[in-house]
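With compact mmCIF, C-alpha atoms inside, this is upload-v8.txt:
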```txt
# COMPACT_ATOMS: atom_id res chain seq x y z
CA MET C 1 -10.06 -12.19 34.72
CA SER C 2 -6.73 -13.38 33.34
CA ILE C 3 -3.88 -10.94 32.73
CA ILE C 4 -2.27 -11.02 29.28
CA ASP C 5 1.51 -10.66 29.42
CA TRP C 6 2.60 -9.15 26.11
CA GLU C 7 6.21 -9.16 27.33
CA LYS C 8 6.18 -12.86 26.46
CA ALA C 9 4.84 -12.24 22.96
CA GLU C 10 6.84 -13.02 19.86
CA CYS C 11 7.24 -10.11 17.43
CA ARG C 12 6.78 -11.13 13.81
CA THR C 13 6.30 -9.46 10.45
CA GLU C 14 2.90 -10.46 9.07
CA GLN C 15 1.15 -9.95 5.76
CA LEU C 16 -1.79 -7.58 6.12
CA SER C 17 -3.87 -10.06 4.16
CA ASP C 18 -3.39 -12.62 6.96
CA LEU C 19 -4.82 -10.36 9.68
CA TRP C 20 -8.50 -10.22 10.66
CA LEU C 21 -10.25 -7.13 12.00
CA ASP C 22 -13.36 -8.76 13.46
CA LEU C 23 -15.77 -6.13 14.76
CA ASN C 24 -17.38 -8.70 17.05
CA VAL C 25 -14.24 -8.43 19.20
CA TYR C 26 -13.25 -4.85 18.28
CA PRO C 27 -14.12 -2.24 20.94
CA ARG C 28 -15.02 0.56 18.51
CA GLU C 29 -17.82 0.93 16.01
CA ARG C 30 -15.13 0.82 13.34
CA PRO C 31 -11.66 2.36 12.74
CA ASP C 32 -11.92 6.14 12.33
CA PRO C 33 -10.97 7.15 8.73
CA GLU C 34 -9.52 10.46 9.96
CA VAL C 35 -7.24 8.69 12.43
CA VAL C 36 -6.19 6.20 9.73
CA ALA C 37 -5.38 9.08 7.36
CA SER C 38 -3.38 10.95 10.01
CA TYR C 39 -1.39 7.81 10.84
CA ALA C 40 -0.72 7.20 7.15
CA LYS C 41 0.51 10.78 6.72
CA ALA C 42 2.81 10.45 9.73
CA LYS C 43 4.09 7.05 8.57
CA GLU C 44 4.83 8.44 5.12
CA ALA C 45 6.82 11.26 6.77
CA GLY C 46 8.98 8.72 8.61
CA ALA C 47 7.16 8.28 11.93
CA GLU C 48 7.64 4.96 13.70
CA PHE C 49 4.68 3.20 15.32
CA PRO C 50 4.76 0.34 17.84
CA ALA C 51 3.95 -3.16 16.68
CA ILE C 52 0.28 -4.08 16.82
CA LYS C 53 -1.11 -6.83 19.06
CA VAL C 54 -2.60 -9.96 17.52
CA ALA C 55 -4.50 -12.90 19.01
CA LEU C 56 -3.84 -16.38 17.63
CA TYR C 57 -7.29 -17.96 17.84
CA GLN C 58 -8.90 -20.87 16.00
CA GLY C 59 -6.36 -20.71 13.19
CA ARG C 60 -6.79 -16.98 12.64
CA LYS C 61 -4.73 -13.91 13.44
CA VAL C 62 -7.21 -11.49 15.00
CA ILE C 63 -6.27 -7.86 15.59
CA VAL C 64 -6.49 -7.01 19.30
CA ASP C 65 -4.88 -3.57 19.21
CA GLY C 66 -3.85 -1.65 16.12
CA GLY C 67 -6.84 -1.34 13.80
CA HIS C 68 -5.92 2.22 12.85
CA ARG C 69 -2.29 1.28 12.24
CA VAL C 70 -3.34 -1.57 9.98
CA GLY C 71 -5.66 0.80 8.13
CA SER C 72 -2.83 3.28 7.57
CA HIS C 73 -0.59 0.54 6.17
CA LYS C 74 -3.34 -0.49 3.78
CA GLN C 75 -3.83 3.12 2.73
CA LEU C 76 -0.12 3.36 1.93
CA LYS C 77 -0.28 -0.04 0.17
CA LEU C 78 2.33 -1.48 2.52
CA PRO C 79 2.06 -5.29 2.44
CA THR C 80 3.30 -6.11 5.95
CA ILE C 81 3.24 -4.88 9.55
CA GLU C 82 5.04 -5.80 12.78
CA CYS C 83 2.90 -7.79 15.23
CA TYR C 84 3.18 -9.08 18.78
CA GLU C 85 1.36 -12.41 18.83
CA LEU C 86 -0.05 -14.52 21.65
CA PRO C 87 -2.50 -17.45 21.75
CA PHE C 88 -6.00 -16.75 23.13
CA THR C 89 -8.58 -19.26 24.33
CA SER C 90 -11.89 -17.47 23.67
CA ALA C 91 -13.56 -14.56 21.89
CA ALA C 92 -14.43 -13.12 25.31
CA GLU C 93 -10.74 -13.04 26.28
CA ILE C 94 -9.85 -11.30 22.99
CA PHE C 95 -12.58 -8.68 23.42
CA ALA C 96 -11.63 -7.87 27.01
CA GLU C 97 -7.98 -7.44 26.06
CA ALA C 98 -8.94 -5.30 23.06
CA VAL C 99 -10.94 -3.02 25.36
CA ARG C 100 -8.06 -2.76 27.83
CA CYS C 101 -5.41 -2.03 25.18
CA ASN C 102 -7.47 0.45 23.17
CA ASN C 103 -8.45 2.28 26.35
CA MET C 104 -4.79 2.84 27.27
CA HIS C 105 -3.69 4.83 24.21
CA GLY C 106 -4.72 6.11 20.79
CA LYS C 107 -8.12 7.65 20.15
CA ALA C 108 -10.31 7.80 23.27
CA PHE C 109 -13.55 5.82 23.32
CA ASN C 110 -16.58 7.97 22.59
CA PRO C 111 -19.67 7.66 24.84
CA THR C 112 -21.33 5.24 22.41
CA ASP C 113 -18.26 2.99 22.41
CA VAL C 114 -18.15 3.02 26.21
CA LYS C 115 -21.79 2.01 26.58
CA ARG C 116 -21.52 -0.66 23.89
CA ASN C 117 -18.38 -2.09 25.50
CA ILE C 118 -20.03 -2.20 28.93
CA LYS C 119 -23.02 -4.04 27.47
CA ARG C 120 -20.84 -6.48 25.57
CA LEU C 121 -18.67 -7.23 28.62
CA ARG C 122 -21.76 -7.81 30.76
CA GLN C 123 -23.13 -10.15 28.09
CA LEU C 124 -19.85 -12.05 28.29
CA LYS C 125 -20.34 -12.44 32.07
CA PHE C 126 -17.53 -10.15 33.23
CA GLU C 127 -17.93 -8.89 36.79
CA VAL C 128 -18.56 -5.19 37.39
CA GLU C 129 -15.16 -4.91 39.12
CA ASP C 130 -13.43 -6.31 36.02
CA ILE C 131 -15.23 -3.85 33.75
CA VAL C 132 -14.19 -0.97 36.01
CA ARG C 133 -10.54 -2.01 35.60
CA LEU C 134 -10.87 -2.42 31.83
CA LEU C 135 -12.76 0.79 31.03
CA HIS C 136 -12.00 3.03 34.05
CA VAL C 137 -15.71 3.79 34.38
CA PRO C 138 -17.52 4.13 37.75
CA ALA C 139 -19.30 0.98 38.91
CA ALA C 140 -22.61 2.86 39.19
CA GLU C 141 -22.49 3.70 35.47
CA ILE C 142 -21.77 0.07 34.61
CA ARG C 143 -24.71 -1.21 36.68
CA ASN C 144 -27.03 1.13 34.77
CA VAL C 145 -26.29 -0.73 31.52
CA THR C 146 -28.29 -3.92 31.11
CA ALA C 147 -26.80 -7.04 29.55
CA GLU C 148 -29.34 -7.57 26.77
CA PRO C 149 -29.16 -10.78 24.69
CA ILE C 150 -26.81 -10.79 21.70
CA VAL C 151 -29.14 -10.89 18.70
CA LYS C 152 -26.92 -9.48 15.97
CA LEU C 153 -23.42 -10.30 14.76
CA ARG C 154 -21.12 -8.46 12.42
CA THR C 155 -18.61 -10.10 10.13
CA PRO C 156 -14.90 -9.28 10.06
CA TRP C 157 -14.10 -5.92 8.41
CA GLY C 158 -17.36 -4.62 9.81
CA SER C 159 -19.51 -3.70 6.85
CA THR C 160 -22.59 -2.15 8.44
CA LYS C 161 -24.59 -3.32 5.42
CA ASN C 162 -24.00 -6.94 6.39
CA VAL C 163 -25.65 -7.49 9.77
CA PHE C 164 -27.53 -10.74 10.19
CA GLN C 165 -30.22 -11.38 12.80
CA SER C 166 -29.76 -14.32 15.12
CA PRO C 167 -32.12 -17.21 14.27
CA THR C 168 -33.30 -17.09 17.89
CA PRO C 169 -33.40 -13.36 18.79
CA SER C 170 -34.97 -14.01 22.20
CA VAL C 171 -31.98 -16.11 23.28
CA ALA C 172 -28.43 -14.87 23.81
CA VAL C 173 -25.89 -16.25 21.34
CA ASP C 174 -22.62 -17.57 22.74
CA PRO C 175 -19.87 -15.80 20.73
CA ASP C 176 -17.87 -19.04 20.67
CA SER C 177 -20.78 -21.26 19.60
CA ASP C 178 -21.36 -23.05 16.30
CA VAL C 179 -24.43 -20.86 15.77
CA CYS C 180 -22.28 -17.75 15.94
CA GLU C 181 -19.81 -19.21 13.45
CA LEU C 182 -22.62 -20.17 11.07
CA ILE C 183 -24.11 -16.68 11.19
CA LYS C 184 -20.73 -15.13 10.42
CA PHE C 185 -20.13 -17.61 7.60
CA LYS C 186 -23.56 -16.85 6.11
CA ASN C 187 -22.73 -13.16 6.36
CA ASN C 188 -19.39 -13.62 4.58
CA LEU C 189 -20.97 -15.76 1.89
CA GLN C 190 -23.78 -13.26 1.29
CA ALA C 191 -21.26 -10.43 1.05
CA VAL C 192 -19.38 -12.31 -1.68
CA ILE C 193 -22.62 -13.05 -3.55
CA ASN C 194 -23.78 -9.43 -3.37
CA TYR C 195 -20.41 -8.18 -4.54
CA ALA C 196 -20.27 -10.65 -7.44
CA ASN C 197 -23.78 -9.73 -8.58
CA LYS C 198 -23.03 -6.02 -8.87
CA ARG C 199 -19.52 -6.22 -10.37
CA LYS C 200 -18.68 -6.78 -14.02
CA ARG C 201 -14.90 -6.58 -13.77
CA PRO C 202 -12.21 -8.53 -11.87
CA ILE C 203 -12.13 -8.24 -8.10
CA GLU C 204 -9.72 -5.56 -6.88
CA GLU C 205 -10.59 -4.85 -3.26
CA LEU C 206 -8.37 -6.72 -0.79
CA VAL C 207 -11.26 -7.27 1.61
CA VAL C 208 -13.36 -9.06 -1.00
CA LYS C 209 -10.39 -11.15 -2.14
CA GLU C 210 -9.98 -12.29 1.46
CA LEU C 211 -13.69 -13.08 1.70
CA VAL C 212 -13.61 -15.11 -1.50
CA THR C 213 -10.53 -17.04 -0.38
CA SER C 214 -11.92 -17.87 3.07
CA THR C 215 -15.33 -18.80 1.62
CA ARG C 216 -13.83 -21.12 -0.98
CA ALA C 217 -11.73 -22.79 1.71
CA ALA C 218 -14.75 -23.28 3.96
CA LEU C 219 -16.88 -24.67 1.13
CA GLY C 220 -14.05 -27.06 0.28
CA ARG C 221 -14.06 -28.35 3.85
CA LEU C 222 -17.83 -28.81 3.74
CA GLU C 223 -17.55 -30.91 0.59
CA LYS C 224 -15.38 -33.39 2.47
CA LEU C 225 -17.93 -33.97 5.21
```
How would this structure read if it were set down as C-alpha cells?
Amino acid sequence: MSIIDWEKAECRTEQLSDLWLDLNVYPRERPDPEVVASYAKAKEAGAEFPAIKVALYQGRKVIVDGGHRVGSHKQLKLPTIECYELPFTSAAEIFAEAVRCNNMHGKAFNPTDVKRNIKRLRQLKFEVEDIVRLLHVPAAEIRNVTAEPIVKLRTPWGSTKNVFQSPTPSVAVDPDSDVCELIKFKNNLQAVINYANKRKRPIEELVVKELVTSTRAALGRLEKL
C-alpha cells in the first residue's frame, strides 16, 4: 500500500462548485448534518479550519478529507475553500486515503461505517494488515467481514434515492471500469431528468446545476464520437 505524502501537496483556493464529494470513495454513509452545522457556526464565529485534502483524478477534483468542512462552507454560502491537492492513480487509492485521513480526526466512524469500510477495502483487494493500519481494527474483526461483490454504486453527492443496480449483480464491478462509469453517468442523467420533471421554476440548487453541467458536457462528447 502506497503512502501519500501530503507535505508535497500544493495548497490552492478552489471553487466549491469544482469539488466532487463522491460517496463511492467517501468512508462515511454521508456527511453528518449536525457536524456540518456545528462547523458552520464555529466558522461564522471566526474559527479557522485546516485546508481540506483533494485528489486530482481523471480530470476531477475529488474530496478525500473534508466533506464536513465543505458542507459548512456551502451552508454559509462561501464560494471557495483552501485545498491541498495531489494526483491519484485509482479510485482504490483515493478510498484508502480517505479512510486513513477521516479515521485520524473529526467525527469518529460509527460501527456501520467501520464494517462498510472493511468490506469495501476487502473488495478492493487490500490485505488484512493494510486494513488494520488504515482503520485500527483488530485483524480478527476484519477477517469476519466477507468481501461480497460490488453490486450497487452511488453517484457523487450521495443521494440515497439514486442507487442503480449493477447490470451483472453476480459479478463484482471494478470501480475503475467503464461499466462503473456508465452506471454513474446513468445515475447522474436520471437524477437530472427526475429533477426536471418535478420542477416548474429555474434550477437553484448547486448540486443540480453541477449535474446538469457535467451531463451536458458528457453528452456533447458523445455527439462527437
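For the atom pair formed by CA of Asp65 in chain C and CA of Tyr26 in chain C, the distance is 8.5 Å, given to one decimal.
Closest approach to Ala42 in chain C from the set C:Lys74, C:Arg122, C:Arg69, C:Arg116 is made by C:Arg69, with distances taken over all atoms listed in the file.
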* To do: Give me the residues within 8 Å of range 105-114 of chain C as a ChimeraX atom specification, counting all atoms listed in the file and dropping any in the same chain fewer than 4 places off.
  => /C:27-29,35,101,118,135
* To do: Rank C:Ala45, C:Val145, C:Val70, C:Ala51 by their smallest atom-to-atom distance to Pro33 in chain C, using all atoms listed in the file, and report the top residue only.
  => C:Val70
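Across the model, the gap from CA of Leu124 in chain C to CA of Arg143 in chain C is 14.5 Å.
Distance annotation: of C:Leu19, C:Ile94, C:Val62, C:Val132, the residue with the minimal separation from Ile81 in chain C is C:Leu19; atom set is all atoms listed in the file.
All protein and nucleic acid residues in the vicinity of (4.0, -10.8, 22.4), that is within 12 Å when counting only C-alpha atoms, are Ile4, Asp5, Trp6, Glu7, Lys8, Ala9, Glu10, Cys11, Arg12, Ala51, Ile52, Lys53, Val54, Ala55, Leu56, Val64, Asp65, Glu82, Cys83, Tyr84, Glu85, Leu86, Pro87 and Phe88 of chain C.
In this structure, CA of Thr89 in chain C sits 22.7 Å away from CA of Ser17 in chain C.
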